[in-house]
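File shown: start-v4.cif. Contents: mmCIF, C-alpha atoms.
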data_start
#
loop_
_atom_site.group_PDB
_atom_site.id
_atom_site.type_symbol
_atom_site.label_atom_id
_atom_site.label_comp_id
_atom_site.auth_asym_id
_atom_site.auth_seq_id
_atom_site.Cartn_x
_atom_site.Cartn_y
_atom_site.Cartn_z
ATOM 1 C CA MET A 1 -15.272 12.488 0.967
ATOM 2 C CA LYS A 2 -12.446 15.033 0.980
ATOM 3 C CA ASN A 3 -9.124 13.844 -0.437
ATOM 4 C CA ALA A 4 -6.432 14.666 2.142
ATOM 5 C CA PHE A 5 -3.771 14.864 -0.576
ATOM 6 C CA GLU A 6 -5.566 17.555 -2.582
ATOM 7 C CA ASN A 7 -4.117 21.042 -2.177
ATOM 8 C CA ARG A 8 -1.366 19.677 0.058
ATOM 9 C CA PRO A 9 1.387 22.220 0.796
ATOM 10 C CA ALA A 10 4.577 21.272 -1.039
ATOM 11 C CA GLY A 11 6.822 22.562 1.729
ATOM 12 C CA ARG A 12 10.339 23.930 1.521
ATOM 13 C CA ARG A 13 12.653 21.434 -0.150
ATOM 14 C CA HIS A 14 16.117 20.381 1.007
ATOM 15 C CA ARG A 15 18.536 17.801 -0.349
ATOM 16 C CA VAL A 16 20.740 16.433 2.434
ATOM 17 C CA ARG A 17 23.799 14.244 1.912
ATOM 18 C CA THR A 18 24.512 11.728 4.678
ATOM 19 C CA ASP A 19 27.965 10.748 5.899
ATOM 20 C CA ASP A 20 27.831 7.606 3.748
ATOM 21 C CA GLY A 21 26.988 9.612 0.622
ATOM 22 C CA VAL A 22 23.243 8.957 0.281
ATOM 23 C CA VAL A 23 21.205 12.006 -0.738
ATOM 24 C CA ILE A 24 17.976 12.349 1.235
ATOM 25 C CA GLU A 25 14.822 14.202 0.199
ATOM 26 C CA VAL A 26 13.715 16.507 3.037
ATOM 27 C CA ARG A 27 10.707 18.839 3.319
ATOM 28 C CA GLU A 28 9.683 21.363 5.943
ATOM 29 C CA TRP A 29 6.555 23.372 6.658
ATOM 30 C CA GLY A 30 5.287 25.903 9.137
ATOM 31 C CA ASN A 31 7.084 28.545 11.165
ATOM 32 C CA PRO A 32 10.894 28.382 10.665
ATOM 33 C CA GLU A 33 11.349 29.802 14.174
ATOM 34 C CA GLY A 34 8.768 27.605 15.878
ATOM 35 C CA PRO A 35 9.170 24.495 18.031
ATOM 36 C CA GLU A 36 10.607 21.740 15.878
ATOM 37 C CA LEU A 37 8.972 18.423 15.043
ATOM 38 C CA LEU A 38 10.912 15.854 13.000
ATOM 39 C CA LEU A 39 8.706 13.052 11.620
ATOM 40 C CA VAL A 40 10.162 9.754 10.358
ATOM 41 C CA THR A 41 7.953 7.585 8.157
ATOM 42 C CA GLY A 42 7.509 3.818 7.725
ATOM 43 C CA VAL A 43 8.704 1.219 5.245
ATOM 44 C CA ALA A 44 7.694 1.874 1.617
ATOM 45 C CA GLN A 45 6.106 5.162 2.685
ATOM 46 C CA SER A 46 7.090 8.830 2.329
ATOM 47 C CA TYR A 47 6.962 12.201 4.036
ATOM 48 C CA LEU A 48 3.635 12.404 2.178
ATOM 49 C CA SER A 49 2.248 9.989 4.795
ATOM 50 C CA PHE A 50 2.091 12.889 7.281
ATOM 51 C CA VAL A 51 -0.071 15.113 5.076
ATOM 52 C CA LYS A 52 -2.712 15.474 7.809
ATOM 53 C CA GLN A 53 -0.076 16.881 10.148
ATOM 54 C CA TYR A 54 1.751 19.357 7.929
ATOM 55 C CA SER A 55 -1.562 20.477 6.356
ATOM 56 C CA ASP A 56 -3.169 21.212 9.733
ATOM 57 C CA PRO A 57 -3.520 25.005 10.190
ATOM 58 C CA GLU A 58 -3.192 24.609 13.967
ATOM 59 C CA MET A 59 0.236 23.021 13.551
ATOM 60 C CA GLN A 60 1.703 25.712 11.298
ATOM 61 C CA ARG A 61 3.225 27.482 14.283
ATOM 62 C CA PHE A 62 5.637 24.536 14.513
ATOM 63 C CA ARG A 63 8.594 23.926 12.256
ATOM 64 C CA ILE A 64 7.616 20.519 10.863
ATOM 65 C CA ILE A 65 10.254 18.461 9.062
ATOM 66 C CA SER A 66 9.989 15.067 7.412
ATOM 67 C CA PHE A 67 12.048 13.135 4.883
ATOM 68 C CA ASP A 68 12.063 10.110 2.620
ATOM 69 C CA PRO A 69 14.457 7.543 4.153
ATOM 70 C CA ARG A 70 17.024 5.952 1.864
ATOM 71 C CA GLY A 71 15.371 3.688 -0.683
ATOM 72 C CA HIS A 72 12.116 5.667 -0.500
ATOM 73 C CA GLY A 73 10.417 8.486 -2.386
ATOM 74 C CA LEU A 74 12.842 10.917 -3.998
ATOM 75 C CA SER A 75 15.815 9.857 -1.886
ATOM 76 C CA ASP A 76 18.702 7.837 -3.309
ATOM 77 C CA LYS A 77 18.091 4.109 -3.676
ATOM 78 C CA PRO A 78 21.389 2.226 -3.510
ATOM 79 C CA PHE A 79 21.072 -1.551 -3.811
ATOM 80 C CA GLY A 80 22.820 -3.976 -1.492
ATOM 81 C CA ASP A 81 22.263 -5.247 2.036
ATOM 82 C CA GLY A 82 25.008 -3.079 3.499
ATOM 83 C CA TRP A 83 23.036 0.091 2.848
ATOM 84 C CA TYR A 84 20.055 -1.049 4.925
ATOM 85 C CA GLN A 85 21.203 -3.536 7.547
ATOM 86 C CA GLN A 86 23.609 -1.352 9.519
ATOM 87 C CA GLY A 87 21.777 0.645 12.153
ATOM 88 C CA LYS A 88 24.218 3.554 12.141
ATOM 89 C CA ARG A 89 23.252 4.343 8.542
ATOM 90 C CA TRP A 90 19.630 4.894 9.614
ATOM 91 C CA SER A 91 20.453 6.957 12.676
ATOM 92 C CA GLY A 92 23.019 8.870 10.632
ATOM 93 C CA GLU A 93 20.252 10.035 8.304
ATOM 94 C CA VAL A 94 18.443 11.621 11.234
ATOM 95 C CA GLN A 95 21.620 13.295 12.483
ATOM 96 C CA SER A 96 22.413 14.550 8.977
ATOM 97 C CA VAL A 97 18.990 16.192 8.752
ATOM 98 C CA ILE A 98 19.386 17.758 12.205
ATOM 99 C CA ASP A 99 22.793 19.139 11.256
ATOM 100 C CA ALA A 100 21.944 20.283 7.727
ATOM 101 C CA LEU A 101 18.775 22.128 8.764
ATOM 102 C CA LYS A 102 20.443 23.443 11.938
ATOM 103 C CA LEU A 103 17.664 22.114 14.120
ATOM 104 C CA ARG A 104 17.874 23.377 17.670
ATOM 105 C CA LYS A 105 16.336 20.553 19.694
ATOM 106 C CA PRO A 106 13.511 18.799 17.848
ATOM 107 C CA VAL A 107 10.873 16.390 19.023
ATOM 108 C CA LEU A 108 11.756 13.220 17.098
ATOM 109 C CA ALA A 109 8.736 11.092 16.167
ATOM 110 C CA GLY A 110 8.796 7.824 14.215
ATOM 111 C CA TRP A 111 6.038 5.666 12.754
ATOM 112 C CA SER A 112 6.498 1.911 12.166
ATOM 113 C CA LEU A 113 9.985 1.526 10.620
ATOM 114 C CA GLY A 114 10.452 5.160 11.624
ATOM 115 C CA GLY A 115 10.034 4.149 15.263
ATOM 116 C CA ARG A 116 12.894 1.691 14.888
ATOM 117 C CA ILE A 117 14.965 4.484 13.329
ATOM 118 C CA VAL A 118 14.176 6.680 16.343
ATOM 119 C CA ARG A 119 15.254 3.786 18.571
ATOM 120 C CA GLN A 120 18.477 3.468 16.595
ATOM 121 C CA TYR A 121 19.104 7.178 16.974
ATOM 122 C CA LEU A 122 18.827 6.748 20.737
ATOM 123 C CA VAL A 123 21.260 3.817 20.589
ATOM 124 C CA ASP A 124 23.874 5.781 18.638
ATOM 125 C CA TYR A 125 23.363 9.385 19.775
ATOM 126 C CA GLY A 126 21.234 9.340 22.927
ATOM 127 C CA ASP A 127 18.627 12.037 23.582
ATOM 128 C CA ALA A 128 20.843 15.047 24.396
ATOM 129 C CA GLN A 129 20.018 16.746 21.076
ATOM 130 C CA LEU A 130 16.277 16.156 21.397
ATOM 131 C CA SER A 131 13.530 17.839 23.384
ATOM 132 C CA GLY A 132 11.268 14.773 23.213
ATOM 133 C CA VAL A 133 10.610 11.502 21.411
ATOM 134 C CA ALA A 134 7.406 9.896 20.136
ATOM 135 C CA PHE A 135 6.904 6.276 19.104
ATOM 136 C CA LEU A 136 3.986 5.818 16.705
ATOM 137 C CA SER A 137 2.655 2.300 16.077
ATOM 138 C CA CYS A 138 6.083 0.696 16.153
ATOM 139 C CA ARG A 139 8.238 -1.968 17.802
ATOM 140 C CA PRO A 140 11.430 -0.355 19.105
ATOM 141 C CA VAL A 141 12.250 -3.705 20.728
ATOM 142 C CA GLU A 142 12.241 -6.240 17.888
ATOM 143 C CA VAL A 143 10.762 -9.292 19.554
ATOM 144 C CA PRO A 144 8.732 -11.636 17.321
ATOM 145 C CA GLU A 145 5.653 -11.877 19.536
ATOM 146 C CA VAL A 146 4.567 -8.305 18.661
ATOM 147 C CA ILE A 147 4.481 -8.951 14.903
ATOM 148 C CA GLY A 148 0.864 -8.992 13.757
ATOM 149 C CA ALA A 149 -0.830 -11.361 11.334
ATOM 150 C CA GLY A 150 -1.217 -8.567 8.792
ATOM 151 C CA ASN A 151 2.410 -9.028 7.778
ATOM 152 C CA ALA A 152 1.657 -12.467 6.346
ATOM 153 C CA VAL A 153 0.630 -10.903 3.018
ATOM 154 C CA VAL A 154 4.304 -10.255 2.235
ATOM 155 C CA GLN A 155 4.992 -14.002 2.262
ATOM 156 C CA LYS A 156 2.926 -14.315 -0.931
ATOM 157 C CA LEU A 157 5.373 -12.155 -2.875
ATOM 158 C CA ASP A 158 6.855 -13.451 -6.127
ATOM 159 C CA ILE A 159 9.464 -10.736 -6.585
ATOM 160 C CA ASP A 160 10.040 -11.692 -10.229
ATOM 161 C CA ASP A 161 6.409 -10.949 -11.108
ATOM 162 C CA LEU A 162 5.194 -7.357 -11.310
ATOM 163 C CA GLY A 163 1.595 -8.401 -10.713
ATOM 164 C CA SER A 164 2.602 -10.074 -7.470
ATOM 165 C CA ARG A 165 4.422 -6.927 -6.345
ATOM 166 C CA VAL A 166 1.299 -4.854 -6.977
ATOM 167 C CA GLU A 167 -0.959 -7.357 -5.191
ATOM 168 C CA VAL A 168 1.288 -7.472 -2.131
ATOM 169 C CA SER A 169 1.540 -3.674 -2.061
ATOM 170 C CA LEU A 170 -2.256 -3.424 -2.185
ATOM 171 C CA ALA A 171 -2.734 -5.947 0.612
ATOM 172 C CA PHE A 172 0.016 -4.506 2.828
ATOM 173 C CA LEU A 173 -1.250 -0.946 2.430
ATOM 174 C CA ARG A 174 -4.799 -2.061 3.250
ATOM 175 C CA ASN A 175 -3.419 -3.605 6.434
ATOM 176 C CA CYS A 176 -1.881 -0.257 7.377
ATOM 177 C CA PHE A 177 -5.374 1.091 8.075
ATOM 178 C CA GLY A 178 -8.134 0.053 10.437
ATOM 179 C CA VAL A 179 -10.248 2.965 9.218
ATOM 180 C CA GLN A 180 -9.721 2.829 5.465
ATOM 181 C CA PRO A 181 -8.940 5.987 3.471
ATOM 182 C CA SER A 182 -11.029 7.079 0.502
ATOM 183 C CA GLY A 183 -10.406 5.437 -2.858
ATOM 184 C CA GLU A 184 -8.505 8.484 -4.150
ATOM 185 C CA GLU A 185 -6.386 8.699 -1.012
ATOM 186 C CA PHE A 186 -5.580 4.993 -1.177
ATOM 187 C CA ALA A 187 -4.571 5.265 -4.843
ATOM 188 C CA PHE A 188 -2.272 8.183 -4.041
ATOM 189 C CA ALA A 189 -0.638 6.310 -1.161
ATOM 190 C CA LEU A 190 -0.248 3.161 -3.271
ATOM 191 C CA ALA A 191 1.626 5.194 -5.874
ATOM 192 C CA TYR A 192 4.296 6.369 -3.446
ATOM 193 C CA ASN A 193 4.471 2.899 -1.864
ATOM 194 C CA MET A 194 5.436 1.469 -5.256
ATOM 195 C CA VAL A 195 8.328 3.933 -5.582
ATOM 196 C CA CYS A 196 10.271 1.891 -3.010
ATOM 197 C CA PRO A 197 11.667 -1.137 -4.902
ATOM 198 C CA PHE A 198 10.777 -4.522 -3.443
ATOM 199 C CA GLU A 199 14.431 -5.505 -3.552
ATOM 200 C CA ILE A 200 15.092 -2.713 -1.065
ATOM 201 C CA ARG A 201 12.072 -3.644 1.042
ATOM 202 C CA GLN A 202 13.534 -7.129 1.329
ATOM 203 C CA GLN A 203 16.903 -5.706 2.359
ATOM 204 C CA ILE A 204 15.260 -3.550 5.033
ATOM 205 C CA GLY A 205 13.389 -6.608 6.264
ATOM 206 C CA LYS A 206 16.715 -8.224 7.199
ATOM 207 C CA TRP A 207 17.669 -5.353 9.517
ATOM 208 C CA TRP A 208 17.445 -6.496 13.117
ATOM 209 C CA THR A 209 18.788 -5.151 16.399
ATOM 210 C CA GLU A 210 19.519 -7.265 19.457
ATOM 211 C CA PRO A 211 16.686 -6.564 21.947
ATOM 212 C CA THR A 212 19.057 -5.990 24.861
ATOM 213 C CA ILE A 213 20.665 -3.111 22.934
ATOM 214 C CA SER A 214 17.274 -1.537 22.287
ATOM 215 C CA GLU A 215 16.156 -2.046 25.858
ATOM 216 C CA ALA A 216 19.257 -0.318 27.220
ATOM 217 C CA ALA A 217 18.746 2.671 24.922
ATOM 218 C CA LEU A 218 15.102 3.040 25.938
ATOM 219 C CA LYS A 219 15.893 2.760 29.643
ATOM 220 C CA ALA A 220 18.364 5.630 29.216
ATOM 221 C CA VAL A 221 15.767 8.037 27.788
ATOM 222 C CA THR A 222 15.287 11.105 29.981
ATOM 223 C CA VAL A 223 13.349 13.464 27.690
ATOM 224 C CA PRO A 224 9.535 13.513 27.581
ATOM 225 C CA THR A 225 8.183 10.566 25.610
ATOM 226 C CA LEU A 226 4.876 9.841 23.895
ATOM 227 C CA ILE A 227 3.790 6.345 22.822
ATOM 228 C CA VAL A 228 0.807 6.102 20.455
ATOM 229 C CA HIS A 229 -0.757 2.880 19.156
ATOM 230 C CA GLY A 230 -4.030 1.693 17.648
ATOM 231 C CA ARG A 231 -5.743 -1.145 19.502
ATOM 232 C CA ASP A 232 -6.737 -2.719 16.162
ATOM 233 C CA ASP A 233 -3.239 -2.639 14.632
ATOM 234 C CA ILE A 234 -2.664 -5.939 12.776
ATOM 235 C CA LEU A 235 0.889 -5.167 11.641
ATOM 236 C CA VAL A 236 2.468 -4.266 14.987
ATOM 237 C CA LEU A 237 0.440 -5.462 17.960
ATOM 238 C CA PRO A 238 -0.409 -3.020 20.791
ATOM 239 C CA SER A 239 1.692 -5.143 23.135
ATOM 240 C CA ALA A 240 4.720 -3.514 21.467
ATOM 241 C CA ALA A 241 3.636 -0.174 22.922
ATOM 242 C CA GLU A 242 3.287 -1.753 26.348
ATOM 243 C CA ILE A 243 6.857 -3.083 26.132
ATOM 244 C CA THR A 244 8.125 0.386 25.241
ATOM 245 C CA HIS A 245 6.159 1.888 28.113
ATOM 246 C CA ARG A 246 7.670 -0.540 30.606
ATOM 247 C CA LEU A 247 11.141 0.494 29.490
ATOM 248 C CA VAL A 248 10.312 4.221 29.492
ATOM 249 C CA PRO A 249 7.981 4.427 32.511
ATOM 250 C CA HIS A 250 7.778 8.233 32.484
ATOM 251 C CA ALA A 251 6.282 8.100 28.969
ATOM 252 C CA THR A 252 2.666 8.914 28.176
ATOM 253 C CA LEU A 253 0.915 5.907 26.598
ATOM 254 C CA SER A 254 -2.054 6.735 24.364
ATOM 255 C CA LEU A 255 -4.056 3.842 22.870
ATOM 256 C CA TYR A 256 -6.670 4.430 20.183
ATOM 257 C CA ASP A 257 -9.838 2.328 20.054
ATOM 258 C CA GLY A 258 -11.029 1.476 16.544
ATOM 259 C CA CYS A 259 -7.726 2.423 14.902
ATOM 260 C CA GLY A 260 -5.169 0.350 13.072
ATOM 261 C CA HIS A 261 -1.554 0.975 12.193
ATOM 262 C CA SER A 262 -1.928 4.587 10.996
ATOM 263 C CA VAL A 263 -3.435 6.429 13.958
ATOM 264 C CA PHE A 264 -2.032 9.798 12.794
ATOM 265 C CA TYR A 265 -4.111 9.399 9.628
ATOM 266 C CA GLU A 266 -7.149 7.479 10.863
ATOM 267 C CA ALA A 267 -7.738 9.680 13.921
ATOM 268 C CA ALA A 268 -5.881 12.801 12.821
ATOM 269 C CA GLU A 269 -7.930 15.284 14.846
ATOM 270 C CA ARG A 270 -7.271 13.558 18.166
ATOM 271 C CA PHE A 271 -3.693 12.684 17.263
ATOM 272 C CA ASN A 272 -2.814 16.225 16.170
ATOM 273 C CA ALA A 273 -4.263 17.648 19.380
ATOM 274 C CA GLU A 274 -2.227 15.213 21.486
ATOM 275 C CA LEU A 275 0.937 15.767 19.488
ATOM 276 C CA THR A 276 0.536 19.552 19.643
ATOM 277 C CA THR A 277 0.169 19.426 23.423
ATOM 278 C CA PHE A 278 3.193 17.141 23.649
ATOM 279 C CA VAL A 279 5.462 19.341 21.494
ATOM 280 C CA ASP A 280 4.429 22.426 23.452
ATOM 281 C CA ALA A 281 5.248 20.667 26.715
ATOM 282 C CA CYS A 282 8.652 19.550 25.414
ATOM 283 C CA TRP A 283 9.755 22.897 24.071
ATOM 284 C CA ASP A 284 11.739 25.052 26.501
ATOM 285 C CA PRO A 285 11.952 28.666 25.280
ATOM 286 C CA ALA A 286 14.776 29.415 27.724
ATOM 287 C CA SER A 287 16.824 26.521 26.390
ATOM 288 C CA ASP A 288 16.100 27.637 22.831
ATOM 289 C CA THR A 289 17.320 31.159 23.592
ATOM 290 C CA ALA A 290 20.502 29.766 25.104
ATOM 291 C CA THR A 291 21.110 27.659 21.993
ATOM 292 C CA GLN A 292 20.733 30.691 19.727
ATOM 293 C CA GLN A 293 23.097 32.720 21.893
ATOM 294 C CA ARG A 294 25.754 29.998 21.742
ATOM 295 C CA ARG A 295 25.459 29.803 17.955
ATOM 296 C CA ALA A 296 25.701 33.583 17.615
ATOM 297 C CA ALA A 297 28.794 33.657 19.826
ATOM 298 C CA ALA A 298 30.405 30.846 17.853
ATOM 299 C CA ALA A 299 29.690 32.610 14.543
ATOM 300 C CA ALA A 300 31.105 35.892 15.858
ATOM 301 C CA GLY A 301 34.208 34.238 17.293
#
Translate this structure into structure tokens?
Amino acid sequence: MKNAFENRPAGRRHRVRTDDGVVIEVREWGNPEGPELLLVTGVAQSYLSFVKQYSDPEMQRFRIISFDPRGHGLSDKPFGDGWYQQGKRWSGEVQSVIDALKLRKPVLAGWSLGGRIVRQYLVDYGDAQLSGVAFLSCRPVEVPEVIGAGNAVVQKLDIDDLGSRVEVSLAFLRNCFGVQPSGEEFAFALAYNMVCPFEIRQQIGKWWTEPTISEAALKAVTVPTLIVHGRDDILVLPSAAEITHRLVPHATLSLYDGCGHSVFYEAAERFNAELTTFVDACWDPASDTATQQRRAAAAAG
């Protein structure tokens, strides 16, 4: 079986400092002038999670951007609840990336924790700077009934024991997939999962947003929206996608039979085709030209 992480493109590297001083690891691939797609990953994961997207030759005409959120990958890892339990810090990361890379009007897509970060961006900034949003296997409205049984493995953690940390990481990562990756792919993913300290994972786990706030932000969305979820997801139940769809009724809801929490990895061919169609539909060349003209005028003036 082919290892998806072999011969992966490294991408163009950026280091972006947020307003609160955290330095974020950012990568981009594809056509610098193409339609923009900004991918936000899940807890304990990395931009590496999206290897099947940024490695896809058909998607190279897009400008694809992803980053390691604070506490993850090669981004800064400050300790303390305050760094992870204030929603504006998460949404501020997204805005910092948009500003630093001078993104014109990206499609903002978030998986798992990344979907909550997208939600938080909508709470704090709205959708005026976006051409579309995509929620991937996530619970933008944090109600307990959509939490799947697969999360129970974390309750077995003894944070003072390294063996326990490894065992919980193994079990949690297994639960991220309905269709399991190859042994080499799983080992690679486990390695970058372990880079996120469990102390930080616990701090992130305490972040919670009042559902009425999330609901109001979702009801205010006007840009095209895509909701993707695996029917066999045991971490975030498919009912979470249905809640999001009720709040954003103009959204396209796409459910995947036989897939778990990582549809973009488990069913990459179908997912990439759907995402490509979605980004194309969101991107307005006329609007893009107008944005460039405004920037040129501002620079000249």
Nearest to Gly260 in chain A: which of A:Ala187, A:Cys282, A:Val123, A:Leu136 is it, counting all atoms listed in the file? A:Leu136
Starting from the displayed file, determine the output of the PyMOL selection byres ((chain A and resi 12-21) around 9) and express the residue list as a ChimeraX atom specification. /A:10-11,22-29,75,83,89,92-97,100-101
Hey, which of A:Ile204, A:Val166, A:Ile65, A:Val146 ends up closest to Lys77 in chain A? Count all atoms listed in the file.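 Of A:Ile204, A:Val166, A:Ile65, A:Val146, the one nearest Lys77 in chain A is A:Ile204, counting all atoms listed in the file.
With all atoms listed in the file as the atoms that count, the residue of A:Asp284, A:Val43, A:Thr222, A:Ser112 with the shortest distance to Ser169 in chain A is A:Val43.
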Which residues, written as a PDB file with C-alpha atoms, in the coordinates of the input, have at least one atom at most 12 Å from Leu173 in chain A, with all atoms listed in the file counted and residues fewer than 4 positions away on the same chain left out?
ATOM      1  CA  GLY A  42       7.509   3.818   7.725  1.00  0.00           C
ATOM      2  CA  VAL A  43       8.704   1.219   5.245  1.00  0.00           C
ATOM      3  CA  ALA A  44       7.694   1.874   1.617  1.00  0.00           C
ATOM      4  CA  GLN A  45       6.106   5.162   2.685  1.00  0.00           C
ATOM      5  CA  SER A  49       2.248   9.989   4.795  1.00  0.00           C
ATOM      6  CA  GLY A 150      -1.217  -8.567   8.792  1.00  0.00           C
ATOM      7  CA  ASN A 151       2.410  -9.028   7.778  1.00  0.00           C
ATOM      8  CA  VAL A 153       0.630 -10.903   3.018  1.00  0.00           C
ATOM      9  CA  VAL A 154       4.304 -10.255   2.235  1.00  0.00           C
ATOM     10  CA  VAL A 166       1.299  -4.854  -6.977  1.00  0.00           C
ATOM     11  CA  GLU A 167      -0.959  -7.357  -5.191  1.00  0.00           C
ATOM     12  CA  VAL A 168       1.288  -7.472  -2.131  1.00  0.00           C
ATOM     13  CA  SER A 169       1.540  -3.674  -2.061  1.00  0.00           C
ATOM     14  CA  PHE A 177      -5.374   1.091   8.075  1.00  0.00           C
ATOM     15  CA  GLY A 178      -8.134   0.053  10.437  1.00  0.00           C
ATOM     16  CA  VAL A 179     -10.248   2.965   9.218  1.00  0.00           C
ATOM     17  CA  GLN A 180      -9.721   2.829   5.465  1.00  0.00           C
ATOM     18  CA  PRO A 181      -8.940   5.987   3.471  1.00  0.00           C
ATOM     19  CA  GLU A 185      -6.386   8.699  -1.012  1.00  0.00           C
ATOM     20  CA  PHE A 186      -5.580   4.993  -1.177  1.00  0.00           C
ATOM     21  CA  ALA A 187      -4.571   5.265  -4.843  1.00  0.00           C
ATOM     22  CA  PHE A 188      -2.272   8.183  -4.041  1.00  0.00           C
ATOM     23  CA  ALA A 189      -0.638   6.310  -1.161  1.00  0.00           C
ATOM     24  CA  LEU A 190      -0.248   3.161  -3.271  1.00  0.00           C
ATOM     25  CA  ALA A 191       1.626   5.194  -5.874  1.00  0.00           C
ATOM     26  CA  TYR A 192       4.296   6.369  -3.446  1.00  0.00           C
ATOM     27  CA  ASN A 193       4.471   2.899  -1.864  1.00  0.00           C
ATOM     28  CA  MET A 194       5.436   1.469  -5.256  1.00  0.00           C
ATOM     29  CA  ILE A 234      -2.664  -5.939  12.776  1.00  0.00           C
ATOM     30  CA  LEU A 235       0.889  -5.167  11.641  1.00  0.00           C
ATOM     31  CA  GLY A 260      -5.169   0.350  13.072  1.00  0.00           C
ATOM     32  CA  HIS A 261      -1.554   0.975  12.193  1.00  0.00           C
ATOM     33  CA  SER A 262      -1.928   4.587  10.996  1.00  0.00           C
TER      34      SER A 262
END
Could you tell me how far CA of Lys52 in chain A sits from CA of Glu33 in chain A, in Å to one decimal place?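 It comes out at 21.1 Å.
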Go through the shown structure with the PyMOL selection byres ((chain A and resi 141) around 7) and write out the matching residues as a list in words.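 Those residues are Arg139, Pro140, Glu142, Val143, Pro211, Ser214 and Glu215 of chain A.
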Which is closer to Pro69 in chain A than all the others in A:Val223, A:Leu113, A:Ile147, A:Cys138, using all atoms listed in the file? A:Leu113
A:Ala149, A:Val228, A:Gly30, A:Glu184: which is nearest Lys2 in chain A, counting only C-alpha atoms? A:Glu184
Given all atoms listed in the file as the basis, pick out the residue of A:Leu108, A:Ala268, A:Val279, A:Ala134 nearest to Val248 in chain A. A:Ala134
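Distance-wise, CA of Thr209 in chain A and CA of Arg116 in chain A end up 9.2 Å apart.
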Could you check how far CA of Ala267 in chain A sits from CA of Phe5 in chain A, in Å to one decimal?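 These two atoms are separated by 15.9 Å.
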Run through the PyMOL selection byres ((chain A and resi 41) around 6) on the given coordinates and return the selected residues as a ChimeraX atom specification. /A:40,42,111,114
Counting all atoms listed in the file, I want the residues whose atoms come within 12 Å of (15.4, 6.2, 22.0) in the file frame, returned as a PyMOL selection string. chain A and resi 91+107-110+114-135+139-141+213-227+244-245+247-248+251
Take the residues from that selection and put them in a file with C-alpha atoms, as a tab-separated table (two decimals), in the frame of the given file.
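Saved the output as part-v4.tsv:
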chain	number	residue	atom	x	y	z
A	91	SER	CA	20.45	6.96	12.68
A	107	VAL	CA	10.87	16.39	19.02
A	108	LEU	CA	11.76	13.22	17.10
A	109	ALA	CA	8.74	11.09	16.17
A	110	GLY	CA	8.80	7.82	14.22
A	114	GLY	CA	10.45	5.16	11.62
A	115	GLY	CA	10.03	4.15	15.26
A	116	ARG	CA	12.89	1.69	14.89
A	117	ILE	CA	14.96	4.48	13.33
A	118	VAL	CA	14.18	6.68	16.34
A	119	ARG	CA	15.25	3.79	18.57
A	120	GLN	CA	18.48	3.47	16.60
A	121	TYR	CA	19.10	7.18	16.97
A	122	LEU	CA	18.83	6.75	20.74
A	123	VAL	CA	21.26	3.82	20.59
A	124	ASP	CA	23.87	5.78	18.64
A	125	TYR	CA	23.36	9.38	19.77
A	126	GLY	CA	21.23	9.34	22.93
A	127	ASP	CA	18.63	12.04	23.58
A	128	ALA	CA	20.84	15.05	24.40
A	129	GLN	CA	20.02	16.75	21.08
A	130	LEU	CA	16.28	16.16	21.40
A	131	SER	CA	13.53	17.84	23.38
A	132	GLY	CA	11.27	14.77	23.21
A	133	VAL	CA	10.61	11.50	21.41
A	134	ALA	CA	7.41	9.90	20.14
A	135	PHE	CA	6.90	6.28	19.10
A	139	ARG	CA	8.24	-1.97	17.80
A	140	PRO	CA	11.43	-0.36	19.10
A	141	VAL	CA	12.25	-3.70	20.73
A	213	ILE	CA	20.66	-3.11	22.93
A	214	SER	CA	17.27	-1.54	22.29
A	215	GLU	CA	16.16	-2.05	25.86
A	216	ALA	CA	19.26	-0.32	27.22
A	217	ALA	CA	18.75	2.67	24.92
A	218	LEU	CA	15.10	3.04	25.94
A	219	LYS	CA	15.89	2.76	29.64
A	220	ALA	CA	18.36	5.63	29.22
A	221	VAL	CA	15.77	8.04	27.79
A	222	THR	CA	15.29	11.10	29.98
A	223	VAL	CA	13.35	13.46	27.69
A	224	PRO	CA	9.54	13.51	27.58
A	225	THR	CA	8.18	10.57	25.61
A	226	LEU	CA	4.88	9.84	23.90
A	227	ILE	CA	3.79	6.34	22.82
A	244	THR	CA	8.12	0.39	25.24
A	245	HIS	CA	6.16	1.89	28.11
A	247	LEU	CA	11.14	0.49	29.49
A	248	VAL	CA	10.31	4.22	29.49
A	251	ALA	CA	6.28	8.10	28.97
Kindly list the centre and edge lengths in Å, rounded to one decimal, for the axis-aligned box that covers all listed atoms of range 91-94 of chain A plus 3 Å on each of its six sides, as lines of an AutoDock Vina configuration file.
center_x = 20.7
center_y = 9.3
center_z = 10.5
size_x = 10.6
size_y = 10.7
size_z = 10.4
